[in-house]
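Pasted below: start36.cif, mmCIF, C-alpha atoms (C1' of nucleotides).
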```cif
data_model
#
loop_
_atom_site.label_atom_id
_atom_site.label_comp_id
_atom_site.auth_asym_id
_atom_site.auth_seq_id
_atom_site.Cartn_x
_atom_site.Cartn_y
_atom_site.Cartn_z
CA MET A 15 115.66 98.77 127.09
CA GLU A 16 116.62 96.26 124.44
CA SER A 17 113.55 94.10 124.81
CA ALA A 18 111.30 97.09 124.32
CA GLU A 19 113.06 98.01 121.10
CA HIS A 20 112.79 94.44 119.99
CA ASP A 21 109.12 94.47 120.75
CA VAL A 22 108.34 97.50 118.67
CA LYS A 23 110.51 96.38 115.78
CA MET A 24 108.88 92.98 115.84
CA ARG A 25 105.39 94.41 116.15
CA LEU A 26 106.05 96.58 113.12
CA LEU A 27 107.24 93.61 111.09
CA VAL A 28 104.27 91.50 112.10
CA ALA A 29 101.88 94.32 111.22
CA ALA A 30 103.61 94.89 107.88
CA LYS A 31 103.43 91.22 106.98
CA LYS A 32 99.75 91.10 107.79
CA LEU A 33 98.86 94.19 105.79
CA PHE A 34 101.18 93.51 102.84
CA SER A 35 99.76 90.02 102.50
CA ARG A 36 96.19 91.31 102.37
CA GLN A 37 96.57 94.57 100.45
CA GLY A 38 99.88 94.22 98.67
CA PHE A 39 102.98 96.34 99.18
CA ASP A 40 101.79 99.33 97.17
CA GLY A 41 98.30 99.09 98.61
CA THR A 42 99.60 99.43 102.15
CA THR A 43 100.74 102.70 103.74
CA VAL A 44 103.34 103.21 106.42
CA ARG A 45 100.64 104.86 108.51
CA GLN A 46 98.47 101.76 108.35
CA ILE A 47 101.38 99.60 109.45
CA CYS A 48 102.20 101.83 112.39
CA GLU A 49 98.59 102.05 113.44
CA GLU A 50 98.24 98.27 113.27
CA ALA A 51 101.41 97.92 115.35
CA GLY A 52 100.40 100.61 117.81
CA ALA A 53 103.58 102.52 117.03
CA ASN A 54 104.39 106.02 115.93
CA VAL A 55 104.54 106.81 112.21
CA ALA A 56 108.16 107.87 112.39
CA LEU A 57 109.43 104.50 113.63
CA VAL A 58 109.46 102.74 110.30
CA SER A 59 112.11 105.13 109.05
CA TYR A 60 113.92 105.00 112.38
CA TYR A 61 114.18 101.21 112.62
CA PHE A 62 114.30 100.11 109.01
CA GLY A 63 115.25 103.16 107.00
CA GLY A 64 112.05 103.29 105.00
CA LYS A 65 109.25 101.14 103.67
CA ASP A 66 111.38 99.36 101.07
CA ASN A 67 114.01 98.24 103.54
CA MET A 68 111.25 97.04 105.80
CA TYR A 69 110.16 94.57 103.14
CA ARG A 70 113.64 93.09 103.04
CA ALA A 71 113.78 92.84 106.83
CA LEU A 72 110.46 91.03 106.71
CA PHE A 73 111.87 88.27 104.53
CA ASP A 74 115.04 88.08 106.61
CA MET A 75 112.84 87.43 109.61
CA SER A 76 110.26 85.10 108.10
CA PHE A 77 111.73 82.90 105.42
CA PRO A 78 112.25 79.31 106.64
CA GLU A 79 115.55 78.88 104.85
CA SER A 80 117.15 76.25 107.05
CA LEU A 81 113.93 74.28 107.43
CA LEU A 82 113.49 73.92 103.69
CA LEU A 83 117.11 73.23 102.81
CA GLU A 84 117.98 70.84 105.63
CA GLY A 85 118.21 67.11 104.92
CA GLU A 86 119.39 67.72 101.41
CA GLU A 87 121.36 64.50 101.60
CA ALA A 88 118.07 62.59 101.24
CA LYS A 89 118.23 63.50 97.56
CA GLN A 90 119.52 60.00 96.78
CA ASP A 91 115.98 58.77 97.32
CA PRO A 92 114.03 61.18 95.12
CA VAL A 93 110.59 59.80 96.00
CA LYS A 94 111.23 60.23 99.69
CA ALA A 95 112.85 63.60 99.06
CA ILE A 96 109.91 65.03 97.07
CA LYS A 97 107.46 63.71 99.65
CA LEU A 98 109.45 65.41 102.37
CA LEU A 99 109.62 68.68 100.48
CA ILE A 100 105.86 68.64 99.90
CA ARG A 101 105.30 68.01 103.60
CA LYS A 102 107.57 70.82 104.67
CA VAL A 103 106.16 73.39 102.26
CA ILE A 104 102.50 72.57 102.93
CA ALA A 105 103.04 72.49 106.69
CA TYR A 106 104.89 75.78 106.65
CA GLN A 107 102.14 77.26 104.49
CA ALA A 108 99.59 76.32 107.14
CA ASN A 109 101.64 78.01 109.86
CA ASP A 110 102.51 81.18 107.93
CA PRO A 111 100.11 81.73 105.03
CA GLU A 112 100.97 85.41 104.90
CA LEU A 113 104.51 84.85 103.67
CA VAL A 114 103.22 82.60 100.91
CA ARG A 115 100.92 85.35 99.77
CA LEU A 116 103.78 87.81 99.62
CA ILE A 117 105.68 85.40 97.40
CA GLN A 118 102.70 84.91 95.12
CA GLN A 119 102.10 88.62 94.82
CA GLU A 120 105.63 89.24 93.63
CA SER A 121 105.57 86.19 91.35
CA ALA A 122 102.82 87.90 89.38
CA GLN A 123 104.57 91.25 89.08
CA LEU A 124 107.87 92.75 88.02
CA THR A 125 108.70 94.86 91.04
CA PRO A 126 111.97 95.94 92.64
CA ARG A 127 111.13 93.42 95.37
CA VAL A 128 111.32 90.38 93.10
CA ALA A 129 115.07 90.08 93.62
CA ILE A 130 114.61 89.89 97.39
CA VAL A 131 112.15 87.05 97.06
CA GLN A 132 114.26 85.23 94.50
CA LYS A 133 117.33 85.36 96.72
CA TYR A 134 115.57 83.10 99.22
CA LEU A 135 113.70 80.92 96.77
CA VAL A 136 116.35 80.04 94.21
CA PRO A 137 118.13 77.51 96.49
CA VAL A 138 114.82 75.80 97.23
CA TRP A 139 113.87 75.76 93.56
CA GLN A 140 117.25 74.29 92.73
CA MET A 141 116.78 71.56 95.31
CA ALA A 142 113.38 70.69 93.87
CA ARG A 143 114.86 70.50 90.38
CA ASP A 144 117.68 68.26 91.58
CA ILE A 145 115.17 65.89 93.13
CA LEU A 146 113.14 65.71 89.91
CA GLU A 147 116.21 65.15 87.80
CA GLU A 148 117.54 62.41 90.06
CA GLY A 149 114.12 60.77 89.97
CA ARG A 150 114.11 60.79 86.20
CA HIS A 151 117.66 59.43 86.18
CA GLN A 152 116.63 56.58 88.47
CA GLY A 153 113.63 55.86 86.25
CA VAL A 154 110.95 56.48 88.90
CA PHE A 155 109.74 59.82 87.50
CA HIS A 156 108.74 60.23 83.87
CA PHE A 157 108.54 63.56 82.10
CA ARG A 158 109.72 65.39 79.01
CA SER A 159 110.87 68.82 80.14
CA LEU A 160 112.58 69.43 83.48
CA ASP A 161 111.69 73.14 83.36
CA ASN A 162 108.02 72.55 82.69
CA THR A 163 107.82 69.77 85.25
CA PHE A 164 109.50 71.86 87.91
CA LEU A 165 107.10 74.75 87.25
CA TYR A 166 104.10 72.45 87.38
CA VAL A 167 105.16 70.67 90.56
CA TRP A 168 106.16 73.85 92.34
CA GLY A 169 102.96 75.57 91.27
CA GLY A 170 100.93 72.64 92.53
CA ILE A 171 102.61 72.78 95.91
CA LEU A 172 102.37 76.52 96.29
CA PHE A 173 99.09 77.45 94.65
CA PRO A 174 96.69 79.26 96.98
CA ARG A 175 94.21 77.15 98.82
CA ASP A 176 92.73 79.03 101.76
CA PHE A 177 92.95 82.56 100.48
CA GLY A 178 89.31 83.38 99.93
CA PHE A 179 89.66 83.89 96.21
CA PHE A 180 88.02 80.57 95.39
CA ASN A 181 85.41 80.72 98.13
CA PRO A 182 82.46 81.14 95.72
CA VAL A 183 82.90 77.58 94.45
CA ILE A 184 84.44 75.85 97.47
CA ARG A 185 81.97 73.60 99.27
CA GLU A 186 83.81 71.26 101.65
CA PRO A 187 85.11 72.23 105.08
CA LEU A 188 88.79 73.19 105.04
CA PRO A 189 90.95 70.07 104.98
CA SER A 190 93.48 69.41 107.72
CA THR A 191 97.15 69.93 107.00
CA GLU A 192 97.67 66.16 106.88
CA GLU A 193 94.88 65.78 104.35
CA LYS A 194 96.38 68.53 102.20
CA ILE A 195 99.77 66.86 102.36
CA ALA A 196 98.28 63.49 101.40
CA ASP A 197 96.31 64.94 98.48
CA VAL A 198 99.13 67.04 97.05
CA THR A 199 101.57 64.13 97.43
CA ARG A 200 99.26 61.93 95.37
CA PHE A 201 98.71 64.64 92.77
CA VAL A 202 102.39 65.35 92.32
CA LEU A 203 103.49 61.72 92.20
CA GLY A 204 100.66 60.98 89.77
CA ALA A 205 101.70 63.88 87.58
CA LEU A 206 105.27 62.58 87.64
CA GLY A 207 104.13 59.19 86.40
CA TYR A 208 105.33 57.48 89.57
CA ASN A 209 104.00 53.93 89.80
CA GLY A 210 104.81 53.10 93.42
CA ASP A 211 103.19 53.91 96.71
CA PRO A 212 101.75 57.43 96.71
CA GLU A 213 101.43 57.59 100.48
CA PRO A 214 102.84 60.80 101.93
CA GLU A 215 106.05 60.86 103.91
CA THR A 216 105.28 60.29 107.57
CA PRO A 217 105.74 63.29 109.89
CA MET B 12 84.79 110.98 65.06
CA GLU B 13 83.72 107.70 66.55
CA SER B 14 86.74 105.73 65.36
CA ALA B 15 89.05 108.27 66.94
CA GLU B 16 87.28 107.98 70.27
CA HIS B 17 87.47 104.22 69.98
CA ASP B 18 91.15 104.48 69.27
CA VAL B 19 91.99 106.50 72.34
CA LYS B 20 89.74 104.47 74.61
CA MET B 21 91.29 101.27 73.33
CA ARG B 22 94.82 102.63 73.58
CA LEU B 23 94.17 103.57 77.18
CA LEU B 24 92.86 100.09 77.98
CA VAL B 25 95.80 98.41 76.28
CA ALA B 26 98.23 100.64 78.15
CA ALA B 27 96.47 100.01 81.45
CA LYS B 28 96.54 96.26 80.94
CA LYS B 29 100.23 96.34 80.15
CA LEU B 30 101.16 98.45 83.17
CA PHE B 31 98.79 96.81 85.65
CA SER B 32 100.11 93.39 84.68
CA ARG B 33 103.71 94.44 85.28
CA GLN B 34 103.39 96.78 88.26
CA GLY B 35 100.04 95.90 89.78
CA PHE B 36 97.01 98.15 90.07
CA ASP B 37 98.25 100.16 93.05
CA GLY B 38 101.75 100.36 91.63
CA THR B 39 100.51 102.01 88.46
CA THR B 40 99.48 105.66 88.20
CA VAL B 41 96.93 107.20 85.89
CA ARG B 42 99.68 109.43 84.59
CA GLN B 43 101.79 106.43 83.59
CA ILE B 44 98.86 104.89 81.76
CA CYS B 45 98.15 108.06 79.82
CA GLU B 46 101.78 108.55 78.94
CA GLU B 47 102.03 104.95 77.71
CA ALA B 48 98.89 105.48 75.64
CA GLY B 49 100.02 108.85 74.33
CA ALA B 50 96.88 110.43 75.73
CA ASN B 51 96.14 113.31 78.04
CA VAL B 52 95.94 112.69 81.79
CA ALA B 53 92.34 113.85 81.97
CA LEU B 54 91.03 111.21 79.58
CA VAL B 55 90.89 108.34 82.04
CA SER B 56 88.27 110.20 84.04
CA TYR B 57 86.53 111.34 80.88
CA TYR B 58 86.18 107.92 79.27
CA PHE B 59 85.96 105.57 82.24
CA GLY B 60 85.04 107.71 85.20
CA GLY B 61 88.21 107.00 87.14
CA LYS B 62 90.92 104.44 87.63
CA ASP B 63 88.71 101.89 89.39
CA ASN B 64 86.09 101.83 86.66
CA MET B 65 88.86 101.45 84.13
CA TYR B 66 89.86 98.16 85.72
CA ARG B 67 86.33 96.85 85.27
CA ALA B 68 86.24 97.99 81.65
CA LEU B 69 89.51 96.18 81.11
CA PHE B 70 88.00 92.85 82.12
CA ASP B 71 84.83 93.53 80.12
CA MET B 72 87.05 93.97 77.09
CA SER B 73 89.54 91.17 77.65
CA PHE B 74 87.99 88.17 79.33
CA PRO B 75 87.38 85.31 76.87
CA GLU B 76 84.06 84.35 78.39
CA SER B 77 82.40 82.75 75.40
CA LEU B 78 85.58 80.97 74.30
CA LEU B 79 85.98 79.24 77.65
CA LEU B 80 82.32 78.37 78.23
CA GLU B 81 81.42 77.19 74.73
CA GLY B 82 81.10 73.50 74.02
CA GLU B 83 79.91 72.78 77.52
CA GLU B 84 77.86 69.93 76.14
CA ALA B 85 81.09 67.93 75.80
CA LYS B 86 80.94 67.42 79.55
CA GLN B 87 79.55 63.92 78.99
CA ASP B 88 83.07 62.88 78.00
CA PRO B 89 85.07 64.27 80.93
CA VAL B 90 88.48 63.23 79.60
CA LYS B 91 87.86 64.99 76.33
CA ALA B 92 86.32 67.94 78.16
CA ILE B 93 89.27 68.45 80.52
CA LYS B 94 91.71 68.12 77.64
CA LEU B 95 89.77 70.75 75.72
CA LEU B 96 89.67 73.10 78.70
CA ILE B 97 93.43 72.74 79.20
CA ARG B 98 94.00 73.50 75.54
CA LYS B 99 91.80 76.57 75.58
CA VAL B 100 93.27 78.03 78.76
CA ILE B 101 96.91 77.43 77.82
CA ALA B 102 96.38 78.74 74.30
CA TYR B 103 94.64 81.84 75.57
CA GLN B 104 97.40 82.35 78.11
CA ALA B 105 99.95 82.37 75.30
CA ASN B 106 97.96 85.00 73.41
CA ASP B 107 97.18 87.26 76.36
CA PRO B 108 99.56 86.62 79.25
CA GLU B 109 98.80 90.02 80.74
CA LEU B 110 95.24 89.16 81.67
CA VAL B 111 96.43 86.01 83.42
CA ARG B 112 98.80 88.09 85.49
CA LEU B 113 96.00 90.40 86.54
CA ILE B 114 94.02 87.39 87.73
CA GLN B 115 96.97 86.01 89.65
CA GLN B 116 97.66 89.34 91.29
CA GLU B 117 94.14 89.59 92.65
CA SER B 118 94.11 85.92 93.64
CA ALA B 119 96.89 86.70 96.11
CA GLN B 120 95.22 89.77 97.63
CA LEU B 121 91.96 90.86 99.16
CA THR B 122 91.20 93.95 97.13
CA PRO B 123 87.97 95.62 96.03
CA ARG B 124 88.75 94.25 92.57
CA VAL B 125 88.48 90.61 93.55
CA ALA B 126 84.73 90.61 92.96
CA ILE B 127 85.22 91.81 89.39
CA VAL B 128 87.61 88.98 88.64
CA GLN B 129 85.43 86.40 90.36
CA LYS B 130 82.38 87.42 88.34
CA TYR B 131 84.09 86.20 85.19
CA LEU B 132 85.89 83.21 86.67
CA VAL B 133 83.21 81.53 88.74
CA PRO B 134 81.37 80.05 85.70
CA VAL B 135 84.64 78.65 84.36
CA TRP B 136 85.57 77.24 87.77
CA GLN B 137 82.13 75.66 88.00
CA MET B 138 82.57 74.06 84.60
CA ALA B 139 85.94 72.62 85.60
CA ARG B 140 84.43 71.21 88.78
CA ASP B 141 81.56 69.64 86.85
CA ILE B 142 84.02 67.94 84.52
CA LEU B 143 86.03 66.54 87.44
CA GLU B 144 82.93 65.30 89.22
CA GLU B 145 81.54 63.63 86.11
CA GLY B 146 84.93 61.99 85.58
CA ARG B 147 84.91 60.61 89.09
CA HIS B 148 81.32 59.43 88.62
CA GLN B 149 82.31 57.60 85.44
CA GLY B 150 85.28 56.04 87.23
CA VAL B 151 87.98 57.52 84.98
CA PHE B 152 89.27 60.09 87.50
CA HIS B 153 90.27 59.11 91.03
CA PHE B 154 90.53 61.56 93.90
CA ARG B 155 89.37 62.13 97.46
CA SER B 156 88.31 65.78 97.66
CA LEU B 157 86.64 67.61 94.80
CA ASP B 158 87.62 70.99 96.26
CA ASN B 159 91.28 70.09 96.66
CA THR B 160 91.41 68.46 93.25
CA PHE B 161 89.80 71.42 91.55
CA LEU B 162 92.27 73.79 93.22
CA TYR B 163 95.21 71.63 92.25
CA VAL B 164 94.11 71.18 88.64
CA TRP B 165 93.21 74.83 88.16
CA GLY B 166 96.45 75.93 89.78
CA GLY B 167 98.41 73.63 87.52
CA ILE B 168 96.75 75.03 84.44
CA LEU B 169 97.08 78.65 85.47
CA PHE B 170 100.40 78.83 87.28
CA PRO B 171 102.84 81.31 85.75
CA ARG B 172 105.27 79.93 83.25
CA ASP B 173 106.82 82.74 81.25
CA PHE B 174 106.67 85.54 83.75
CA GLY B 175 110.33 86.01 84.55
CA PHE B 176 109.99 85.14 88.19
CA PHE B 177 111.54 81.71 87.71
CA ASN B 178 114.16 82.80 85.20
CA PRO B 179 117.10 82.23 87.58
CA VAL B 180 116.56 78.47 87.45
CA ILE B 181 115.00 78.01 84.00
CA ARG B 182 117.42 76.52 81.50
CA GLU B 183 115.56 75.26 78.44
CA PRO B 184 114.31 77.47 75.61
CA LEU B 185 110.65 78.45 76.02
CA PRO B 186 108.40 75.58 74.94
CA SER B 187 105.87 76.03 72.17
CA THR B 188 102.21 76.32 73.04
CA GLU B 189 101.59 72.80 71.77
CA GLU B 190 104.37 71.46 73.97
CA LYS B 191 102.93 73.25 76.99
CA ILE B 192 99.48 71.84 76.24
CA ALA B 193 100.88 68.34 75.90
CA ASP B 194 102.88 68.56 79.12
CA VAL B 195 100.11 70.04 81.24
CA THR B 196 97.60 67.54 79.84
CA ARG B 197 99.83 64.67 80.92
CA PHE B 198 100.45 66.23 84.34
CA VAL B 199 96.78 66.81 85.04
CA LEU B 200 95.60 63.41 83.81
CA GLY B 201 98.38 61.77 85.79
CA ALA B 202 97.40 63.69 88.90
CA LEU B 203 93.80 62.60 88.38
CA GLY B 204 94.86 58.93 88.28
CA TYR B 205 93.63 58.55 84.71
CA ASN B 206 94.88 55.30 83.18
CA GLY B 207 94.07 55.90 79.53
CA ASP B 208 95.72 57.82 76.73
CA PRO B 209 97.26 61.05 78.03
CA GLU B 210 97.59 62.57 74.57
CA PRO B 211 96.28 66.13 74.43
CA GLU B 212 93.09 67.01 72.63
CA THR B 213 93.86 67.79 68.98
CA PRO B 214 93.48 71.43 67.95
"C1'" DG C 3 113.47 105.78 121.82
"C1'" DT C 4 109.34 108.12 120.79
"C1'" DC C 5 106.84 111.91 119.72
"C1'" DT C 6 104.77 116.19 116.85
"C1'" DA C 7 105.06 118.92 113.10
"C1'" DT C 8 106.18 119.53 108.72
"C1'" DA C 9 108.75 119.24 104.22
"C1'" DT C 10 108.27 117.54 99.73
"C1'" DA C 11 106.34 114.82 96.30
"C1'" DT C 12 102.81 112.63 93.96
"C1'" DC C 13 98.42 110.81 93.84
"C1'" DG C 14 93.44 110.81 91.45
"C1'" DA C 15 90.18 113.84 89.80
"C1'" DT C 16 88.10 117.87 87.66
"C1'" DA C 17 87.02 122.81 86.22
"C1'" DG C 18 87.19 125.44 82.42
"C1'" DA C 19 89.55 127.12 78.02
"C1'" DC C 20 89.72 125.79 73.35
"C1'" DG D 19 87.25 115.45 72.38
"C1'" DT D 20 91.44 117.14 74.22
"C1'" DC D 21 94.08 120.23 76.56
"C1'" DT D 22 96.33 123.02 80.80
"C1'" DA D 23 96.17 124.19 85.34
"C1'" DT D 24 95.17 123.15 89.65
"C1'" DC D 25 92.58 121.37 93.74
"C1'" DG D 26 92.55 118.60 97.76
"C1'" DA D 27 94.02 114.46 99.67
"C1'" DT D 28 97.48 111.55 100.82
"C1'" DA D 29 102.04 109.45 100.33
"C1'" DT D 30 106.94 108.80 102.43
"C1'" DA D 31 110.34 110.67 105.00
"C1'" DT D 32 112.63 113.53 108.38
"C1'" DA D 33 113.97 117.54 111.51
"C1'" DG D 34 113.90 118.64 115.98
"C1'" DA D 35 111.59 118.73 120.71
"C1'" DC D 36 111.31 115.85 124.61
#
```
Translate the structure described by the file into structure tokens.
Amino acid sequence: MESAEHDVKMRLLVAAKKLFSRQGFDGTTVRQICEEAGANVALVSYYFGGKDNMYRALFDMSFPESLLLEGEEAKQDPVKAIKLLIRKVIAYQANDPELVRLIQQESAQLTPRVAIVQKYLVPVWQMARDILEEGRHQGVFHFRSLDNTFLYVWGGILFPRDFGFFNPVIREPLPSTEEKIADVTRFVLGALGYNGDPEPETP
Amino acid sequence: MESAEHDVKMRLLVAAKKLFSRQGFDGTTVRQICEEAGANVALVSYYFGGKDNMYRALFDMSFPESLLLEGEEAKQDPVKAIKLLIRKVIAYQANDPELVRLIQQESAQLTPRVAIVQKYLVPVWQMARDILEEGRHQGVFHFRSLDNTFLYVWGGILFPRDFGFFNPVIREPLPSTEEKIADVTRFVLGALGYNGDPEPETP
DNA sequence: GTCTATATATCGATAGAC
DNA sequence: GTCTATCGATATATAGAC
């Protein structure tokens, strides 16, 4: 049955994403993944050809490539474009926080998996840089270094928020996605020296 | 000889920090650490009582606790205080990027080591929050949520810059520490809606 | 397609010689 | 204090039965 195969494959990927995001790739065993998925230990090799290939399959399944890169034509209006990018990234983060953790884990290491993550992220990074550069060209954004500004803006959008690490000092109830979008939009536009309306792009 | 013991112990810690920061804790073996340190495999257990305890000893050795928490009295001038904190964190980052990577790795996972990292970071986080709150109270910083603002500011200060992950899109030569301090200071003060002089705190 | 059983390697840790 | 040798546990991966 094809749907049964699909089920097990998908269950394995979902289990792997969950465990990798919590324990890291090296901190997670194939046995744990199979147990979490309710599948036999041999099926990771059978379906994916090993633990490493499973990680690649996980990104192929999860990464919201088309969502992030669509509407690139809006780049002519850099303020609108950066607001839209912030909205899309923050909203996706709320729906799939595990993938964001995987990205952050690899961003702090030099593993053989970095290239897999970069393959998906480079086009998005490039789009963000283009928006910033166009904004500077139009005189609405003000900054010295494009590299440094890109790193700061991207870090601000992506930095962990609900991951438990900061729980000891966090006091307020978790903000809604719309509140997060509004706050980050104001932060980023403020950091970019934008003098206009810092209201977030409407959904 | 006490200096000899100190040498080996220190060499092991330096090797562990190097390898953990590149490969992660779980991705690094005791054997690799000892080889890197030019020491025998048995000495990790002998000196530290195992790999886990070694991680704790590493933070005890490395974390710049007093550097970050000194001069807390300057909190009365929140602009000056946040500028000083930015300077200290960025400068320390430039001197010891490996420790920052360790922190980022754990911030993206839920490992038994998180508590060790938090023990050292919570006082610094609390200081940063106090500065932001005092700034809002004095009317020089403008933001809605203290939690969200703290996370954004801290993320902006700490986000990786020279870690290789972003190399595919980075074009400019690496900025000097003073340039990084100046840029991040402007970003953060801009994000906080500060209307005064965004010049960084002088060294 | 899914299972058990196992091959093979490597892990962290330590006993005991020196 | 440092070494070799090795223990026991556990890792990934796969051969072969069903």
Check your understanding: Near chain C, which residues of chain A fall within 9 Å when you count all atoms listed in the file, and what do they look like as a ChimeraX atom specification?
Key -> /A:19,53-54,56-57
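If we count only C-alpha atoms (C1' of nucleotides), these residues of chain D sit within 12 Å of chain A: DT28, DA29, DT30, DA31, DT32 and DA33 of chain D.
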Point to revise | Selection near Pro211 of chain B, 9 Å with only C-alpha atoms (C1' of nucleotides), sequence-local residues under 2 positions removed, as a list in words | key: Lys91, Lys94, Leu95, Ile97, Arg98, Glu189, Ile192, Ala193, Asp194, Val195, Thr196, Arg197, Asp208, Pro209, Thr213 and Pro214 of chain B
Between chain A and chain B, at 6 Å or less, what are the per-residue closest atom pairs and their distances in Å? Count all atoms listed in the file, order by chain and rising residue number, and return it as CSV.
```
residue,atom,partner,partner_atom,distance
A:Arg36,CA,B:Gln120,CA,5.1
A:Gln37,CA,B:Gln120,CA,5.7
A:Asp40,CA,B:Asp37,CA,5.5
A:Gly41,CA,B:Asp37,CA,5.7
A:Arg115,CA,B:Ala119,CA,5.6
A:Gln119,CA,B:Ala119,CA,5.7
A:Ser121,CA,B:Phe176,CA,5.5
A:Ala122,CA,B:Arg112,CA,5.6
A:Gln123,CA,B:Arg33,CA,5.0
A:Leu124,CA,B:Arg33,CA,5.3
A:Asp161,CA,B:Ile181,CA,5.9
A:Tyr166,CA,B:Gly167,CA,5.8
A:Gly169,CA,B:Phe170,CA,5.8
A:Gly170,CA,B:Gly167,CA,5.7
A:Phe173,CA,B:Gly166,CA,5.7
A:Phe179,CA,B:Ser118,CA,5.5
A:Ile184,CA,B:Asp158,CA,5.9
A:Phe201,CA,B:Ala202,CA,4.2
A:Gly204,CA,B:Ala202,CA,4.3
A:Ala205,CA,B:Phe198,CA,4.2
```
For C-alpha atoms, I'd like the residues from the last selection saved as a PDB file, in the coordinates of the input.
```
ATOM      1  CA  ARG A  36      96.190  91.310 102.370  1.00  0.00           C
ATOM      2  CA  GLN A  37      96.570  94.570 100.450  1.00  0.00           C
ATOM      3  CA  ASP A  40     101.790  99.330  97.170  1.00  0.00           C
ATOM      4  CA  GLY A  41      98.300  99.090  98.610  1.00  0.00           C
ATOM      5  CA  ARG A 115     100.920  85.350  99.770  1.00  0.00           C
ATOM      6  CA  GLN A 119     102.100  88.620  94.820  1.00  0.00           C
ATOM      7  CA  SER A 121     105.570  86.190  91.350  1.00  0.00           C
ATOM      8  CA  ALA A 122     102.820  87.900  89.380  1.00  0.00           C
ATOM      9  CA  GLN A 123     104.570  91.250  89.080  1.00  0.00           C
ATOM     10  CA  LEU A 124     107.870  92.750  88.020  1.00  0.00           C
ATOM     11  CA  ASP A 161     111.690  73.140  83.360  1.00  0.00           C
ATOM     12  CA  TYR A 166     104.100  72.450  87.380  1.00  0.00           C
ATOM     13  CA  GLY A 169     102.960  75.570  91.270  1.00  0.00           C
ATOM     14  CA  GLY A 170     100.930  72.640  92.530  1.00  0.00           C
ATOM     15  CA  PHE A 173      99.090  77.450  94.650  1.00  0.00           C
ATOM     16  CA  PHE A 179      89.660  83.890  96.210  1.00  0.00           C
ATOM     17  CA  ILE A 184      84.440  75.850  97.470  1.00  0.00           C
ATOM     18  CA  PHE A 201      98.710  64.640  92.770  1.00  0.00           C
ATOM     19  CA  GLY A 204     100.660  60.980  89.770  1.00  0.00           C
ATOM     20  CA  ALA A 205     101.700  63.880  87.580  1.00  0.00           C
TER      21      ALA A 205
END
```
**Study point:** Answer key for the PyMOL selection byres ((chain A and resi 30) around 9), residues as a PyMOL selection string
**Key:** chain A and resi 25-29+31-35+39+42+44+46-48+50-51+68-69+72
